[in-house]
Number of protein chains: 2
Amino acid sequence: MQNELQISHRGVEMPESPIRKLAPLAYAAEDRGVMIHRLNIGQPDLPTPQKALDALKNVDRTTLEYSPSQGYRSLRKALVNYYERYQIKLDADDIIITCGGSEAVLFAFMSCLNPGDEIIVPEPAYANYMAFAVSAGAVIRTIATTIDEGFCLPKVERFEELINERTKAILICNPNNPTGYLYTQREMNQIRDLVKKHNLYLFSDEVYREFIYTGSPYISAMHLEGIEQNVVLIDSVSKRYSECGIRIGALITKNAAVRKTVMKFCQARLSPPLIGQIVAEASIEGTEAYSREVYEEYTERRKCLIDGVNRIPGCYTPIPMGAFYTVAKLPVDDAEEFCAWCLEEFKWKDEHTPASISFSGQEIPCTGETVMMAPAAGFYTTPGMGKNEVRLAYVLKKDDLRRALFILGKALEAYNAEKSKKN
Amino acid sequence: MQNELQISHRGVEMPESPIRKLAPLAYAAEDRGVMIHRLNIGQPDLPTPQKALDALKNVDRTTLEYSPSQGYRSLRKALVNYYERYQIKLDADDIIITCGGSEAVLFAFMSCLNPGDEIIVPEPAYANYMAFAVSAGAVIRTIATTIDEGFCLPKVERFEELINERTKAILICNPNNPTGYLYTQREMNQIRDLVKKHNLYLFSDEVYREFIYTGSPYISAMHLEGIEQNVVLIDSVSKRYSECGIRIGALITKNAAVRKTVMKFCQARLSPPLIGQIVAEASIEGTEAYSREVYEEYTERRKCLIDGVNRIPGCYTPIPMGAFYTVAKLPVDDAEEFCAWCLEEFKWKDEHTPASISFSGQEIPCTGETVMMAPAAGFYTTPGMGKNEVRLAYVLKKDDLRRALFILGKALEAYNAEKSKKN
């Protein structure tokens, strides 16, 4: 009757982060003095609003105590005003503050889905949805969108093919990470009709709503009529105020039964971060000028990245309408192999290469430059999809973006020259 | 084929917090001007170390960015030094920083247990273990300890009776919440032998190690020889530095396979709170004088509470050896009913009653005083256990504790007089 000391099935099944998988190679490259241009991360480089930083400096508590499990009412009230700007009408009690948008996704899945239940997600998709589904024992069924069609949603029939008695929810990310796609009114109506017809949950991750670069309107799942009880909105202040580290997100729904259940998960983990809530609340109001500047900066960077990528021979990316990512096709067979090669085998040096880089708190001589990208295959679940694609983020300054793309071009040349020599 | 929009089975099964269940009654009482002496909560009233508050004021970052999923190395190194004081030898890589001890328990369960797997937990137990077990689909099997035996562990045979092929782990909380019990060397050896014999995981929640009031030694699960691969230590800085709100805990294990799995859950939620880590790190070193003062304060409060409770006719509590809780038996049939009655029906007024209380940011006339306690039944899973018991925390100043116990005595008199009048 001796048990084996084993880890859980879900622990084995849990995917490793496709974004962080290359981290050890990057560390080794820097250790060799290679300067890395990071196009792989979703960590904004822009400063947090000064008003939020001031709130942090002015915390005058002497005991850093638990906050309510649902989050401070004052923060939830500030969010009510924030959503009103987007014609989303809420009551403070519709909002539950979570430890980042991540916890909101986890608690939504935990509260609404049973083991074996299926969620339909357009792919490519944010890789951690899969991890949260595995945590809840739920199954993600993906519906493919392709770079060649600019990542627009497939016809309603394709959804219908996937729907069966285990289907409990549709999950969308809008604007999309990793593609930057923004769903049109027509597409949102199509989703609404499906949700209504099959009485599904609609989980809608809208953390990038601040970053929409087209004239097209932003349609929130919360705008869709007739499915108010079905919608669970996932949000986070991380990206819009460059404060990913404070871990403040929100789960928002008009469905009282879902809220009551989510609250039980919230009570178990006691409370969301106290100081993060203070910072988040200060970020929301009186930061319109900040948001405008940030928006303008991303608009220019987007132009710079998209133009730059499409100018590299063999590369192609559609124009993302929102967020600060794009998926690009590269002239290689295996983008994952190429991304690893960039870190392990390649470096570029010319008169613009800096003399030194700082690594582990020390300045060391710079031996060359390379780029780091996120292989897109990790954002698809269909095997073989996205094999020659990468996700690129534009969270670098324009000059750095230009330099990164120049080096990407050189890397592609060298890689393909090496490949054809071998063949 | 129309689905019903339902919440998940685990969502239904999730227990509501027994500590927070009475909250609406307390709110209503305060709304009526009743001053509540809170013996129910585990939120220390003592200040956070000045050094930690200073670190908060001095955060000089301009972007509040993600931290590593495992937590900052500098914090993990500071913890290595901290554990060395307790003869626990660790490497920084053995430590994973979590969002409170709560996340550490959740990730330990998620990584080590499959749905249906059983964990043996001595009861009464911290109520949220049950919530995390439900989240992971695991089953808690409790082994009773009783107030009459001072909450010592039952004989090894009682454990053996519960162990079957689904048993995967033993979970202890040492010193114990809610009983304040500290496991002896003999008891820890008994657990070690069981863990070894059946090759189980040993989850050991030791967040109250700072608060041990007897001459008996503190035996960490990490001190037990021969089960190094089985032990997963749960820790948190919340209680020892009065900083529950920063949400910083840790999961610690020498088992590399468990760490690797836990890291996948950590990567999915991206990172632990950034600012909390800065505060926690500042709390750990150079705060010996603070810890001594806090310890002395709790020592006196404990004496004050235990003496006071045992002097109330019909009340009894054993002497807790650690933490800042005790479980007390009251001369009532149903402690839950009595706790609700204290908030709904009872108030005491004399010349010591304050003129006003502050409620919702306003001063309102005080109409009387009452006490709030946590009914202990919520800490047991065996039906009927702990029905006449409550958990009392000593996180009030001594004078307030004395007043609270005086009022508890008056409430018991009034309640039992009312009861006997009805019969």
# chains A, B, ... in the order shown; residues from 1 in each chain; ligands from 1
>>> residues_around(residues="region 132-142 of chain A", least_positions_apart="5", cutoff="6 Å", atoms="only C-alpha atoms", output="PyMOL selection string")
chain A and resi 106+110+115-123
>>> write_last_selection(atoms="N, CA and C atoms", output="PDB file, in the first residue's frame")
ATOM      1  N   LEU A 106      -8.486  32.933 -13.054  1.00  0.00           N
ATOM      2  CA  LEU A 106      -8.510  31.691 -12.264  1.00  0.00           C
ATOM      3  C   LEU A 106      -9.828  31.549 -11.510  1.00  0.00           C
ATOM      4  N   MET A 110     -12.661  28.726 -11.868  1.00  0.00           N
ATOM      5  CA  MET A 110     -12.938  27.908 -10.685  1.00  0.00           C
ATOM      6  C   MET A 110     -14.421  27.969 -10.306  1.00  0.00           C
ATOM      7  N   PRO A 115     -14.592  20.195 -13.793  1.00  0.00           N
ATOM      8  CA  PRO A 115     -13.592  19.416 -14.522  1.00  0.00           C
ATOM      9  C   PRO A 115     -14.231  18.776 -15.759  1.00  0.00           C
ATOM     10  N   GLY A 116     -13.578  18.897 -16.892  1.00  0.00           N
ATOM     11  CA  GLY A 116     -14.103  18.341 -18.140  1.00  0.00           C
ATOM     12  C   GLY A 116     -14.918  19.332 -18.955  1.00  0.00           C
ATOM     13  N   ASP A 117     -15.355  20.422 -18.326  1.00  0.00           N
ATOM     14  CA  ASP A 117     -16.106  21.438 -19.075  1.00  0.00           C
ATOM     15  C   ASP A 117     -15.202  22.104 -20.116  1.00  0.00           C
ATOM     16  N   GLU A 118     -15.808  22.508 -21.205  1.00  0.00           N
ATOM     17  CA  GLU A 118     -15.022  23.078 -22.301  1.00  0.00           C
ATOM     18  C   GLU A 118     -15.246  24.587 -22.467  1.00  0.00           C
ATOM     19  N   ILE A 119     -14.152  25.264 -22.808  1.00  0.00           N
ATOM     20  CA  ILE A 119     -14.180  26.701 -23.099  1.00  0.00           C
ATOM     21  C   ILE A 119     -13.670  26.872 -24.519  1.00  0.00           C
ATOM     22  N   ILE A 120     -14.382  27.638 -25.306  1.00  0.00           N
ATOM     23  CA  ILE A 120     -13.911  27.923 -26.664  1.00  0.00           C
ATOM     24  C   ILE A 120     -13.111  29.222 -26.656  1.00  0.00           C
ATOM     25  N   VAL A 121     -11.888  29.149 -27.188  1.00  0.00           N
ATOM     26  CA  VAL A 121     -10.988  30.308 -27.212  1.00  0.00           C
ATOM     27  C   VAL A 121     -10.412  30.457 -28.616  1.00  0.00           C
ATOM     28  N   PRO A 122     -10.557  31.638 -29.229  1.00  0.00           N
ATOM     29  CA  PRO A 122      -9.874  31.838 -30.506  1.00  0.00           C
ATOM     30  C   PRO A 122      -8.363  31.777 -30.284  1.00  0.00           C
ATOM     31  N   GLU A 123      -7.651  31.038 -31.127  1.00  0.00           N
ATOM     32  CA  GLU A 123      -6.196  31.001 -31.013  1.00  0.00           C
ATOM     33  C   GLU A 123      -5.576  31.719 -32.197  1.00  0.00           C
TER      34      GLU A 123
END
>>> interface_residues(of="chain B", to="chain A", cutoff="6 Å", atoms="only C-alpha atoms", output="number ranges by chain")
B: 2-3, 7-8, 11, 16, 47-48, 57, 62-66, 102, 111-114, 128, 198-199, 243-247, 261, 264, 268-269, 273-274
>>> residues_around(residues="region 25-28 of chain B", least_positions_apart="6", cutoff="12 Å", atoms="only C-alpha atoms", output="PyMOL selection string")
chain B and resi 19+34-38+40+339-346+359-360+369-373
>>> write_last_selection(atoms="C-alpha atoms", output="PDB file, in the first residue's frame")
ATOM      1  CA  ILE B  19     -14.652  34.020  10.625  1.00  0.00           C
ATOM      2  CA  VAL B  34     -22.960  49.332  19.380  1.00  0.00           C
ATOM      3  CA  MET B  35     -19.227  49.217  20.093  1.00  0.00           C
ATOM      4  CA  ILE B  36     -17.824  45.786  19.205  1.00  0.00           C
ATOM      5  CA  HIS B  37     -14.856  44.227  21.004  1.00  0.00           C
ATOM      6  CA  ARG B  38     -13.388  42.013  18.347  1.00  0.00           C
ATOM      7  CA  ASN B  40     -12.700  37.104  16.384  1.00  0.00           C
ATOM      8  CA  CYS B 339     -22.117  34.680  18.922  1.00  0.00           C
ATOM      9  CA  ALA B 340     -24.945  35.883  16.654  1.00  0.00           C
ATOM     10  CA  TRP B 341     -27.059  36.768  19.712  1.00  0.00           C
ATOM     11  CA  CYS B 342     -24.190  38.903  21.101  1.00  0.00           C
ATOM     12  CA  LEU B 343     -24.273  40.971  17.917  1.00  0.00           C
ATOM     13  CA  GLU B 344     -28.033  41.029  17.381  1.00  0.00           C
ATOM     14  CA  GLU B 345     -29.625  41.104  20.810  1.00  0.00           C
ATOM     15  CA  PHE B 346     -27.080  42.081  23.418  1.00  0.00           C
ATOM     16  CA  PHE B 359     -18.617  54.181  12.027  1.00  0.00           C
ATOM     17  CA  SER B 360     -18.323  54.688   8.260  1.00  0.00           C
ATOM     18  CA  GLU B 369     -20.887  47.400  23.950  1.00  0.00           C
ATOM     19  CA  THR B 370     -20.704  43.774  22.888  1.00  0.00           C
ATOM     20  CA  VAL B 371     -18.161  41.118  21.845  1.00  0.00           C
ATOM     21  CA  MET B 372     -17.536  39.347  18.573  1.00  0.00           C
ATOM     22  CA  MET B 373     -16.045  35.837  18.541  1.00  0.00           C
TER      23      MET B 373
END
>>> residues_around(residues="Asn416 (chain A)", least_positions_apart="4", cutoff="9 Å", atoms="only C-alpha atoms", output="list in words")
Pro331, Val332, Ala411, Leu412, Ser420 and Lys421 of chain A
>>> residues_around(residues="Ser220 (chain B)", least_positions_apart="6", cutoff="9 Å", atoms="only C-alpha atoms", output="JSON, numbers by chain")
{"B": [86, 88, 174, 188, 204, 206, 209, 233]}
>>> select_by_dssp(residues="region 54-287 of chain B", states="strand (DSSP E or B)", output="PyMOL selection string")
chain B and resi 95-98+118-123+139-144+167-173+201-205+212+231-236+249-253
>>> residues_around(residues="Tyr82 (chain A)", least_positions_apart="5", cutoff="9 Å", atoms="only C-alpha atoms", output="list in words")
Lys77, Ile88, Ile284 and Glu285 of chain A
>>> closest_residue(among="B:Glu187, B:Glu210, B:Glu297, B:Glu281", to="Gly71 (chain B)", atoms="only C-alpha atoms")
B:Glu281
>>> residues_around(residues="Gly314 (chain A)", least_positions_apart="3", cutoff="12 Å", atoms="only C-alpha atoms", output="VMD selection string")
chain A and resid 309 to 311 317 328 to 333 388 to 389 408 to 409 412 to 413 416
